[in-house]
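Peer 1: Please find one structure pasted underneath; my questions will follow.
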Protein chains: 2
Amino acid sequence: MRNQQVNVGIIGLGTVGTGVARVLLQQRELLETRTQVLFNLKAISELDWEKERDIDLSTVKCTTNADELLNDPDIDVIVETIGGFEPAFSFVSKALKNRKHVVTANKALIATRGRELFEIAQENDVKILFEASVGGGIPIIQGLREGLIANNIERIYGILNGTSNYILTKMHKENLEFSEALKGAQENGFAEADPTLDISGGDAAHKLTILSSIASNSFVSFESLYVEGITGITKVDINFAKSLGYTIKLLAVYRVFNGGLDLRVHPTLVENKHLLAAVSNEMNAILVKGDFVGNTMFYGPGAGERPTASAIVSDIVALAYDLLLKDEKYRTPTIKTTTDAKLIPIDEITNRFYLRFFTRDIPGVLTKISGVLAEYGISISSMVQLETHEKDNYIPIVLLTHEALEKSMKQALEKIIKFEFVKDDYLRLRIF
Amino acid sequence: MRNQQVNVGIIGLGTVGTGVARVLLQQRELLETRTQVLFNLKAISELDWEKERDIDLSTVKCTTNADELLNDPDIDVIVETIGGFEPAFSFVSKALKNRKHVVTANKALIATRGRELFEIAQENDVKILFEASVGGGIPIIQGLREGLIANNIERIYGILNGTSNYILTKMHKENLEFSEALKGAQENGFAEADPTLDISGGDAAHKLTILSSIASNSFVSFESLYVEGITGITKVDINFAKSLGYTIKLLAVYRVFNGGLDLRVHPTLVENKHLLAAVSNEMNAILVKGDFVGNTMFYGPGAGERPTASAIVSDIVALAYDLLLKDEKYRTPTIKTTTDAKLIPIDEITNRFYLRFFTRDIPGVLTKISGVLAEYGISISSMVQLETHEKDNYIPIVLLTHEALEKSMKQALEKIIKFEFVKDDYLRLRIF
């Protein structure tokens, strides 16, 4: 008896699309051995067929018209790899309406228009899977959904943006300013020409939105997350962090707190001895704490043609089992859209803080600053002042605080930067 | 419409069995929300009901007779948590013959009698799942089988035995001898009264057997693995490793090599800057390299009531989907028993080596040792001699080699320890 076949169509033959085509062609036999299913790459749609690509597509139907895939009744699974909002949204929704399963790595689309798409999928009795949207090749979504299914997920700390992590690593290791590190990242292909989405924390926030929905069994809205990027971090801060035994990382945080969720993305000081501090360059890692399993960590490449393709094909395989099994009710559940998560506003969160000010070198500065902090109930755990970093007659001062409420810190800072001896480009980071 | 129900029976109410019962009772609602399936803990068999256990079993049938579970037509899944070979093997095979799915954490059973059990399972059209048998709560088996399914698995490096890792960590951090660290591990519950299976590398080898079968799509026989434990490591070695920038870890290695598999368990020097070096105490980690995904790492607690129960219940959930879907052919594949893996003998493997000898402090010692190594084509990359470790008029010498064939190293060592100026309790470790 012949093995059953699943027909796949890819929309978009950029980096990720090419990777998926490569896996499906190159690992066809491996996949058939492991699954008893024949995965057939039937068609690819792409506007630019002139571009040089090192791949033999002679067995695949190649077109510039996505509708040829979307309207092909033989195609079971559509892989969307064009990214962005449009025409990706239109293609994905049309595929779902035509009762095709969809696999995508498009974190922006899932994080911001997921609700509509999941509802269309449900109405049409098909699924959207998106393992590659978070952590690249790391099977973190499956890990949360299946491996850790018996756990209430209490915390997630993720290094989810490879570009930011690469830049921060270079700043730490090569003593670079942010702009120099960014330039290097762009030259080495680890940052886009327009890096805004990455360095602003937006990309990490898209990914956190997705993880949070799964972890909490509820729908999380992207707009409600608290997000800070890494653009304000200077060499001075990196060196202070170092001298204190910390590494600065852009962390995405998920935390069950006071009956709701504490969700944020911001640069964070992580103790050097912590595993997350050792996650360098473009690598990603996600630390997950479940009430039964305790702390687990998933680590791997967060982007790139081959890791992303690995994750996308794992989703295609998961869909194949479904397709061949038919039953509707007992499929692996995807993100719930019926219950909204209750978010805790950032103001209600407490953290330890790292504060860096540039101040004039005059008597009484520390007394006045610590006085304001005390006024708002914030106590200082340590203080560092280095004479070597003088800049325009200002010297840097760093304070580490004990746990303090975000709201109190915000109010204290508003007051502190009104002192005429304090420059207004201060930095406030949170300590892990 | 009521959700469908899956009835579970647990054989053995020790640490792990109690954990599974706790998850099924405590997370019943969570699991139903996530899966739309009601997981009902129907019965537990255990010989010792006198023992104090902090769990309310008033809704569960409690018996001392495992047959009451094995013969109950309502029970869909049997969880075996008694460990060891008998009566575990008899119970598991009877369950399978009675067409019940089985979930177990019993690595010894799966690694050594898995072939028989998988065949019985196949004949009776049921499954055995064993996520908890490797890496405790870490979803590594699922990760290999599903998340990384698109990859040829090229390498696995695992810290798979929590007891050994705990002992080595204490030796490193507290400058203890092996026996002192072992005693501490026993006092703190991280080593058994009889720790042989753990410190000999046997337990890690059981786990490597299981991972290798999955990674290679072929059956691996436990007896064919090369295994060394940690009992020969002394404080002197730990300190040398430290001074050279290494941490000693008990590593399980899977490597595709020369058309076959390189499988071994032995203590290994890992560079301090490597993530695996940061895996401390009783924690486990598994680094997996796939041809598409690249390097990924899975980290978490390798044992304990709650992490193990987390993994076991993830298997019960996976079986529930199967049970409710019915179809036979397209179930997630388990270990193949039809193809034997081709193993490469340890002699044909090359490695960098760490060699430590105690020698008399006389002229010409190094010349003679390095002469023998050269004779077998082994070249030295660095050499350290510390005057501070004198012991019975012998001084320690450490050599690091470039890549060398195992067979050559064995022959060279046989020759070297015949020198009258060399004590015969030398140590040879491999460098990662």
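Lettering and numbering for the structure tokens are positional, with chains as A, B, ... in the shown order, residues counted from 1 in each chain, and ligands counted from 1 in the shown order.
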Quick one: pick out all strand (DSSP E or B) residues within region 75-293 of chain B from a backbone DSSP run and write them as a ChimeraX atom specification.

Peer 2: /B:77-80,101-104,128-129,153-159,219,226-227,246-257,260-271,283-290

Peer 1: Based on only C-alpha atoms, which of the residues in chain A come within 7 Å of chain B? I want them as a ChimeraX atom specification.

Peer 2: /A:23,27,31,34-35,137-139,143,146-151,275,278,292-300,306-307,310-311,313-314,321,325,327,330,333

Peer 1: Neighbours of Gly9 (chain A) within 10 Å (only C-alpha atoms; same-chain residues fewer than 5 positions away dropped), as a PDB file with C-alpha atoms, in the first residue's frame?

Peer 2:
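Final output, result_8.pdb:
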ATOM      1  CA  ALA A  21      11.459  24.273  -0.234  1.00  0.00           C
ATOM      2  CA  ASN A  40       4.957  16.733  -1.875  1.00  0.00           C
ATOM      3  CA  LEU A  41       5.999  20.311  -2.636  1.00  0.00           C
ATOM      4  CA  LYS A  42       3.491  20.971  -5.385  1.00  0.00           C
ATOM      5  CA  ALA A  43       3.738  24.676  -6.161  1.00  0.00           C
ATOM      6  CA  ILE A  44       5.456  27.939  -5.260  1.00  0.00           C
ATOM      7  CA  SER A  45       4.279  31.457  -6.007  1.00  0.00           C
ATOM      8  CA  VAL A  60       7.675  22.041  -8.621  1.00  0.00           C
ATOM      9  CA  LYS A  61       5.085  24.214 -10.328  1.00  0.00           C
ATOM     10  CA  CYS A  62       6.392  27.793 -10.248  1.00  0.00           C
ATOM     11  CA  ALA A  66      -0.643  33.117  -5.525  1.00  0.00           C
ATOM     12  CA  GLU A  68      -3.103  29.407  -8.467  1.00  0.00           C
ATOM     13  CA  LEU A  69      -2.090  27.870  -5.146  1.00  0.00           C
ATOM     14  CA  LEU A  70      -4.972  29.233  -3.125  1.00  0.00           C
ATOM     15  CA  ASP A  72      -5.844  24.521  -6.197  1.00  0.00           C
ATOM     16  CA  ASP A  74      -5.163  19.449  -4.363  1.00  0.00           C
ATOM     17  CA  ILE A  75      -3.084  21.652  -2.069  1.00  0.00           C
ATOM     18  CA  ASP A  76      -3.619  20.753   1.584  1.00  0.00           C
ATOM     19  CA  VAL A  77      -1.235  23.124   3.312  1.00  0.00           C
ATOM     20  CA  ILE A  78      -0.218  26.686   2.388  1.00  0.00           C
ATOM     21  CA  VAL A  79       3.071  28.010   3.781  1.00  0.00           C
ATOM     22  CA  GLU A  80       3.070  31.816   3.944  1.00  0.00           C
ATOM     23  CA  VAL A 102      -1.748  27.407   6.940  1.00  0.00           C
TER      24      VAL A 102
END

Peer 1: Using CA of Thr350 (chain A) and CA of Arg430 (chain A) as the two end points, give the distance in Å to one decimal.

Peer 2: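 CA of Thr350 (chain A) sits 9.6 Å away from CA of Arg430 (chain A).
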
Peer 1: Between CA of Tyr254 (chain B) and CA of Arg155 (chain B), what is the distance in Å, rounded to a tenth?

Peer 2: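 CA of Tyr254 (chain B) sits 5.3 Å away from CA of Arg155 (chain B).
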
Peer 1: In Å, rounded to a single decimal, give me how far CA of Ala95 (chain B) is from CA of Val8 (chain B).

Peer 2: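 According to the coordinates, CA of Val8 (chain B) and CA of Ala95 (chain B) are separated by 12.0 Å.
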
Peer 1: For Leu47 (chain B), find every residue with an atom within 10 Å (counting only C-alpha atoms), except residues of its own chain fewer than 6 positions away, and show them as a PyMOL selection string.

Peer 2: chain B and resi 11-13+63-66

Peer 1: When you count only C-alpha atoms, which of these residues is closest to Val6 (chain A): A:Glu271, A:Asp347, A:Glu32, A:Glu119?

Peer 2: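 Of A:Glu271, A:Asp347, A:Glu32, A:Glu119, the one nearest Val6 (chain A), counting only C-alpha atoms, is A:Glu32.
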
Peer 1: Which one is closest to Leu197 (chain B): B:Val227, B:Leu400, B:Val422, B:Leu413? Count only C-alpha atoms.

Peer 2: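 Among the listed residues, the smallest separation from Leu197 (chain B) belongs to B:Val227.
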
Peer 1: Identify, on the basis of only C-alpha atoms, every residue whose closest approach to Asn106 (chain A) does not exceed 8 Å; exclude the query and any residue fewer than 6 positions from it along the same chain; express the result as a list in words.

Peer 2: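 Contacts, with the query itself left out: Glu80, Thr81, Gly83, Gly84, Phe130 and Ser133 of chain A.
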
Peer 1: Next, write the just-selected residues to a file, as a PDB file, in the first residue's frame, keeping N, CA and C atoms as the atom set.

Peer 2:
ATOM      1  N   GLU A  80       2.964  30.382   4.247  1.00  0.00           N
ATOM      2  CA  GLU A  80       3.070  31.816   3.944  1.00  0.00           C
ATOM      3  C   GLU A  80       4.414  32.312   4.459  1.00  0.00           C
ATOM      4  N   THR A  81       5.271  32.792   3.581  1.00  0.00           N
ATOM      5  CA  THR A  81       6.595  33.240   4.026  1.00  0.00           C
ATOM      6  C   THR A  81       6.932  34.630   3.498  1.00  0.00           C
ATOM      7  N   GLY A  83       5.841  37.511   4.830  1.00  0.00           N
ATOM      8  CA  GLY A  83       6.013  38.447   5.948  1.00  0.00           C
ATOM      9  C   GLY A  83       5.145  39.683   5.811  1.00  0.00           C
ATOM     10  N   GLY A  84       5.146  40.502   6.866  1.00  0.00           N
ATOM     11  CA  GLY A  84       4.383  41.743   6.845  1.00  0.00           C
ATOM     12  C   GLY A  84       2.878  41.513   6.883  1.00  0.00           C
ATOM     13  N   PHE A 130       2.272  28.041  13.755  1.00  0.00           N
ATOM     14  CA  PHE A 130       3.223  29.157  13.674  1.00  0.00           C
ATOM     15  C   PHE A 130       4.425  28.939  14.588  1.00  0.00           C
ATOM     16  N   SER A 133       7.359  31.242  14.385  1.00  0.00           N
ATOM     17  CA  SER A 133       7.194  32.670  14.667  1.00  0.00           C
ATOM     18  C   SER A 133       7.915  33.102  15.939  1.00  0.00           C
TER      19      SER A 133
END

Peer 1: Taking into account only C-alpha atoms, which residue in the set A:Phe257, A:Tyr376, A:Phe358, A:Phe178 is nearest to Ile233 (chain A)?

Peer 2: A:Phe178
